[in-house]
Amino acid sequence: MAPEPPVSAPSPGPTLSLGSTHGHTATAADGVAALLRRIEGVDRSGPTLRSVIRTNHDAVTEAAALDVEAAAGRRRGPLHGVSVLVKDNIDTAGAMGTTAGSLALAGAGPAADAPLVRRLRDAGMVVLGKTNLSEWANFRSSGSSSGWSAVGGLCVNPHALDRSAGGSSSGSGAAVAAGLAPLAVGTETDGSILCPAALCGVVGIKPTVGLVDGTGIVPISHSQDTAGPIARTVRDAALLLSVLASAGRPGGRGDGSGPGSGAPAGDPPVPGRRAYDDYQAYCRSDGLRGARIGLPRHGLWGYSARADALAEEAVRVLAAQGATIVDPANLPSLDELSMSEAEMTVLATEFKVGIEAYLATRGVRAPDGRGAADAGSRVAGASGVAGSDGLRVPRTLADLMAFNDAHADVEFAHFGQDRFEDALRTGGLDDPAYREALETCRRLGRSEGIDAALRTHDLDALVAPTYPPAWKIDLVNGDHVSGSCTQVPAVAGYPVITVPCGAADGLPVGLAFIGTAWSEPTLIRLAYAFEQALDFSLTPAFRPPQTG
């Protein structure tokens, strides 16, 4: 399908064009200052969301320089002067550092920005700070609580302060929902953008793996990892995706095999990369007319009555806007994938290889041994933390595990490292067990999964509830997740967009649009048309903890 003509302005109102989510601000510098005040008032006091690990001390100065450019008629694009938060597993050089939420990386920042961060800056955006996350992107323990890290503490949901913000991009979702920045970047391996976006009531796009350059991102799996946008609206997310996707064009490593990834060079996880200059051009209010949308009832529906009820209403909206609904349109491979250990075999094997390649890119700790990149970071009890030689960061997975053992009072406060232990026992990328598991994931996710359903029913996309409403935080027993839609597209490496579709007892629920490889334009067209027709929004209430 040919793209729509570019829209002359970004989303309505001041959210992006003025770089502020709260009221009119005359300049980008004013907008940044307002957001920093809001972070102090909402994130570090008051409701105390703990969604932002640290802020950029130079943000106002950088925004003022962009204001000078704009005044001289040198706007770099539609996001010039707009603030963005970046998940703290994405490399940023300088004082902000990158920790993945772990004390083991605190105080030893990367030497350079990740390519996607350079693209944000090149587009004229202001990197406002780094967001909290589930430590190691939720890959340290099977019993973890989403949103907790040793560096950032526990990030909570702005709609209800005793509910999970989801993970692992917890802070990115919570911060955008709370108005701490108009845009944020998260990362996903299996659910880590979609979960916090759905639970916090914002839009999240998990792109096809390889669309966004993964170099400089603390890895789990080069087969499944991707960065992606989190925003208040589909159009805003599409604008940010245009910037992020450009990071993987010639001059970057769009196949995810750049230095520090551990991935074999020239072996893209999803072949046939297709990127577009302007994803927001696909935002069409009539985008559902003539579309064919399938409902994969088996397994992707039915785990949450409250989510199902809201998703059923959403399906009626899709039909009223001209879409043909195919019900059911089930995934043939779902039962086999659900019972298989193939995904965990792939993740564990690739994590060990990838994390050791990444750690080789990191430097030494600050000479004073402090476990903080700056005085404003939340590393409670972390001062004096250092590597085994007092300066060196861990270089192997075994080193990381030894570090955690040595600092168990903080790192093991709520859960252990059983997934690290599993990864340590893996046999590398040439292990036949790994190769078989990878092939199984690709077969069950693609040709016998999403592509089979789309092809059989001649569909543009599949639709399902993204996640149930946010569960209560339980630091003793970990997350209580009744189900989600994320595993099949995760192992396939395929794109998904989640859009808020309603609320249950004040807790947001998202509707997921799932497609085949490189179908971001189609998904954006469908998701935007749905968003416009539904016209739903939910302002965070910061509801205090409740019993029961």
# chains A, B, ... in the order shown; residues from 1 in each chain; ligands from 1
$ residues_around --residues "Gly152 in chain A" --least-positions-apart "5" --cutoff "10 Å" --atoms "only C-alpha atoms" --output "short mmCIF file (atom, residue, chain, number, x, y, z; two decimals) with C-alpha atoms, in the first residue's frame"
data_model
loop_
_atom_site.label_atom_id
_atom_site.label_comp_id
_atom_site.auth_asym_id
_atom_site.auth_seq_id
_atom_site.Cartn_x
_atom_site.Cartn_y
_atom_site.Cartn_z
CA ARG A 50 10.39 5.80 40.93
CA SER A 51 10.07 5.66 37.14
CA VAL A 52 13.14 7.81 36.42
CA ILE A 53 16.49 6.54 37.67
CA ARG A 54 18.36 9.73 36.86
CA ASP A 88 18.45 2.39 31.47
CA THR A 99 23.13 0.19 34.63
CA ALA A 100 20.35 -2.20 33.48
CA GLY A 101 19.19 -1.62 37.05
CA SER A 102 22.15 -3.54 38.49
CA LEU A 103 24.71 -2.28 40.96
CA THR A 131 14.06 5.21 33.16
CA ASN A 132 13.86 2.49 35.77
CA LEU A 133 13.33 -1.09 34.68
CA SER A 134 13.00 -4.62 35.91
CA GLU A 135 16.63 -5.41 36.69
CA GLY A 147 9.59 -2.76 37.99
CA GLY A 171 9.70 3.30 34.05
CA SER A 377 20.60 8.58 41.17
CA ARG A 378 18.68 6.32 43.50
CA VAL A 379 21.29 3.76 44.59
CA ALA A 380 20.24 3.36 48.19
#
$ select_by_dssp --residues "range 29-78 of chain A" --states "alpha helix (DSSP H)" --output "count of residues only"
23
$ atom_distance --atom1 "CA of Leu400 in chain A" --atom2 "CA of Leu211 in chain A"
29.9 Å
$ atom_distance --atom1 "CA of Arg37 in chain A" --atom2 "CA of Met125 in chain A"
18.7 Å
$ closest_residue --among "A:Glu411, A:Asp451, A:Asp430, A:Asp535" --to "Ala150 in chain A" --atoms "only C-alpha atoms"
A:Glu411
$ atom_distance --atom1 "CA of Ser168 in chain A" --atom2 "CA of Tyr303 in chain A"
21.0 Å
$ residues_around --residues "Val481 in chain A" --least-positions-apart "4" --cutoff "12 Å" --atoms "only C-alpha atoms" --output "ChimeraX atom specification"
/A:143-146,164,166-167,191,195,199,303-304,466-474,477,485
$ write_last_selection --atoms "N, CA, C and O atoms" --output "mmCIF file, in the first residue's frame"
data_model
loop_
_atom_site.group_PDB
_atom_site.id
_atom_site.type_symbol
_atom_site.label_atom_id
_atom_site.label_comp_id
_atom_site.auth_asym_id
_atom_site.auth_seq_id
_atom_site.Cartn_x
_atom_site.Cartn_y
_atom_site.Cartn_z
ATOM 1 N N GLY A 143 11.243 -15.585 39.466
ATOM 2 C CA GLY A 143 10.362 -15.123 40.531
ATOM 3 C C GLY A 143 10.419 -13.633 40.759
ATOM 4 O O GLY A 143 10.082 -13.157 41.850
ATOM 5 N N SER A 144 10.819 -12.868 39.743
ATOM 6 C CA SER A 144 11.015 -11.430 39.927
ATOM 7 C C SER A 144 9.689 -10.677 39.997
ATOM 8 O O SER A 144 8.643 -11.180 39.583
ATOM 9 N N SER A 145 9.762 -9.471 40.518
ATOM 10 C CA SER A 145 8.643 -8.539 40.511
ATOM 11 C C SER A 145 8.959 -7.438 39.515
ATOM 12 O O SER A 145 9.961 -6.722 39.655
ATOM 13 N N SER A 146 8.116 -7.295 38.501
ATOM 14 C CA SER A 146 8.363 -6.300 37.452
ATOM 15 C C SER A 146 8.460 -4.905 38.049
ATOM 16 O O SER A 146 7.691 -4.530 38.931
ATOM 17 N N SER A 164 1.223 -3.200 39.731
ATOM 18 C CA SER A 164 2.441 -3.280 38.929
ATOM 19 C C SER A 164 2.397 -2.314 37.756
ATOM 20 O O SER A 164 1.356 -2.127 37.114
ATOM 21 N N GLY A 166 4.175 -3.127 35.286
ATOM 22 C CA GLY A 166 4.596 -4.025 34.211
ATOM 23 C C GLY A 166 6.094 -3.952 34.013
ATOM 24 O O GLY A 166 6.815 -3.217 34.684
ATOM 25 N N GLY A 167 6.555 -4.742 33.079
ATOM 26 C CA GLY A 167 7.986 -4.729 32.832
ATOM 27 C C GLY A 167 8.329 -5.435 31.549
ATOM 28 O O GLY A 167 7.462 -6.009 30.898
ATOM 29 N N GLY A 191 7.389 -9.109 25.665
ATOM 30 C CA GLY A 191 6.408 -8.371 26.450
ATOM 31 C C GLY A 191 6.884 -7.114 27.126
ATOM 32 O O GLY A 191 6.077 -6.406 27.743
ATOM 33 N N CYS A 195 3.796 -4.873 27.798
ATOM 34 C CA CYS A 195 3.255 -5.019 29.143
ATOM 35 C C CYS A 195 3.145 -3.680 29.870
ATOM 36 O O CYS A 195 2.045 -3.298 30.300
ATOM 37 N N LEU A 199 -0.415 -1.856 30.832
ATOM 38 C CA LEU A 199 -0.777 -1.691 32.237
ATOM 39 C C LEU A 199 -0.844 -0.235 32.660
ATOM 40 O O LEU A 199 -1.594 0.116 33.572
ATOM 41 N N TYR A 303 -8.136 -15.412 29.345
ATOM 42 C CA TYR A 303 -7.404 -15.493 30.606
ATOM 43 C C TYR A 303 -7.792 -14.383 31.581
ATOM 44 O O TYR A 303 -7.372 -14.387 32.730
ATOM 45 N N SER A 304 -8.592 -13.411 31.125
ATOM 46 C CA SER A 304 -9.024 -12.306 31.983
ATOM 47 C C SER A 304 -10.404 -11.850 31.520
ATOM 48 O O SER A 304 -10.547 -11.292 30.431
ATOM 49 N N THR A 466 -4.034 -7.237 25.229
ATOM 50 C CA THR A 466 -2.578 -7.278 25.372
ATOM 51 C C THR A 466 -2.175 -8.000 26.648
ATOM 52 O O THR A 466 -1.363 -8.937 26.625
ATOM 53 N N TYR A 467 -2.710 -7.568 27.765
ATOM 54 C CA TYR A 467 -2.460 -8.136 29.097
ATOM 55 C C TYR A 467 -3.721 -7.962 29.918
ATOM 56 O O TYR A 467 -4.603 -7.168 29.552
ATOM 57 N N PRO A 468 -3.843 -8.640 31.056
ATOM 58 C CA PRO A 468 -4.932 -8.334 31.988
ATOM 59 C C PRO A 468 -4.680 -6.979 32.645
ATOM 60 O O PRO A 468 -3.595 -6.402 32.494
ATOM 61 N N PRO A 469 -5.653 -6.439 33.361
ATOM 62 C CA PRO A 469 -5.382 -5.235 34.154
ATOM 63 C C PRO A 469 -4.230 -5.489 35.132
ATOM 64 O O PRO A 469 -3.945 -6.635 35.501
ATOM 65 N N ALA A 470 -3.593 -4.421 35.564
ATOM 66 C CA ALA A 470 -2.406 -4.543 36.426
ATOM 67 C C ALA A 470 -2.709 -5.310 37.703
ATOM 68 O O ALA A 470 -3.712 -5.065 38.391
ATOM 69 N N TRP A 471 -1.848 -6.255 38.015
ATOM 70 C CA TRP A 471 -1.967 -7.057 39.224
ATOM 71 C C TRP A 471 -1.323 -6.329 40.401
ATOM 72 O O TRP A 471 -0.505 -5.414 40.223
ATOM 73 N N LYS A 472 -1.674 -6.758 41.609
ATOM 74 C CA LYS A 472 -1.073 -6.152 42.789
ATOM 75 C C LYS A 472 0.403 -6.551 42.882
ATOM 76 O O LYS A 472 0.773 -7.681 42.590
ATOM 77 N N ILE A 473 1.199 -5.612 43.311
ATOM 78 C CA ILE A 473 2.629 -5.865 43.492
ATOM 79 C C ILE A 473 2.819 -6.850 44.637
ATOM 80 O O ILE A 473 2.207 -6.716 45.707
ATOM 81 N N ASP A 474 3.666 -7.851 44.412
ATOM 82 C CA ASP A 474 3.964 -8.859 45.427
ATOM 83 C C ASP A 474 5.463 -9.141 45.384
ATOM 84 O O ASP A 474 5.939 -9.933 44.575
ATOM 85 N N ASN A 477 6.271 -13.099 46.361
ATOM 86 C CA ASN A 477 5.986 -14.197 45.437
ATOM 87 C C ASN A 477 6.207 -13.854 43.968
ATOM 88 O O ASN A 477 6.121 -14.732 43.120
ATOM 89 N N CYS A 485 -0.573 -11.764 25.173
ATOM 90 C CA CYS A 485 -0.548 -12.105 23.741
ATOM 91 C C CYS A 485 0.862 -12.122 23.170
ATOM 92 O O CYS A 485 1.039 -12.210 21.966
#
$ residues_around --residues "Ser519 in chain A" --least-positions-apart "5" --cutoff "10 Å" --atoms "only C-alpha atoms" --output "short mmCIF file (atom, residue, chain, number, x, y, z; two decimals) with N, CA and C atoms, in the first residue's frame"
data_model
loop_
_atom_site.label_atom_id
_atom_site.label_comp_id
_atom_site.auth_asym_id
_atom_site.auth_seq_id
_atom_site.Cartn_x
_atom_site.Cartn_y
_atom_site.Cartn_z
N PRO A 207 8.59 -3.18 17.52
CA PRO A 207 8.85 -3.33 16.09
C PRO A 207 9.33 -4.73 15.72
N THR A 208 9.34 -5.01 14.44
CA THR A 208 10.00 -6.21 13.93
C THR A 208 11.46 -6.19 14.39
N ARG A 274 12.59 -3.92 5.98
CA ARG A 274 11.93 -2.83 5.27
C ARG A 274 11.64 -1.71 6.26
N ALA A 275 12.29 -0.58 6.07
CA ALA A 275 12.07 0.58 6.92
C ALA A 275 11.48 1.71 6.09
N ASP A 460 -5.23 -8.88 7.49
CA ASP A 460 -4.24 -7.80 7.64
C ASP A 460 -3.54 -7.89 8.99
N ALA A 461 -4.26 -8.32 10.01
CA ALA A 461 -3.69 -8.35 11.36
C ALA A 461 -4.55 -9.22 12.25
N TYR A 494 8.15 -10.61 15.32
CA TYR A 494 7.18 -9.82 14.55
C TYR A 494 6.63 -8.64 15.34
N PRO A 495 6.06 -7.64 14.67
CA PRO A 495 5.65 -6.41 15.35
C PRO A 495 4.27 -6.52 16.00
N VAL A 496 4.10 -5.72 17.05
CA VAL A 496 2.83 -5.60 17.77
C VAL A 496 2.69 -4.14 18.21
N ILE A 514 -1.45 -7.34 15.98
CA ILE A 514 -0.31 -8.22 15.72
C ILE A 514 -0.21 -8.47 14.23
N ILE A 524 0.09 0.43 12.23
CA ILE A 524 -0.11 1.83 12.61
C ILE A 524 -1.41 2.35 12.03
#
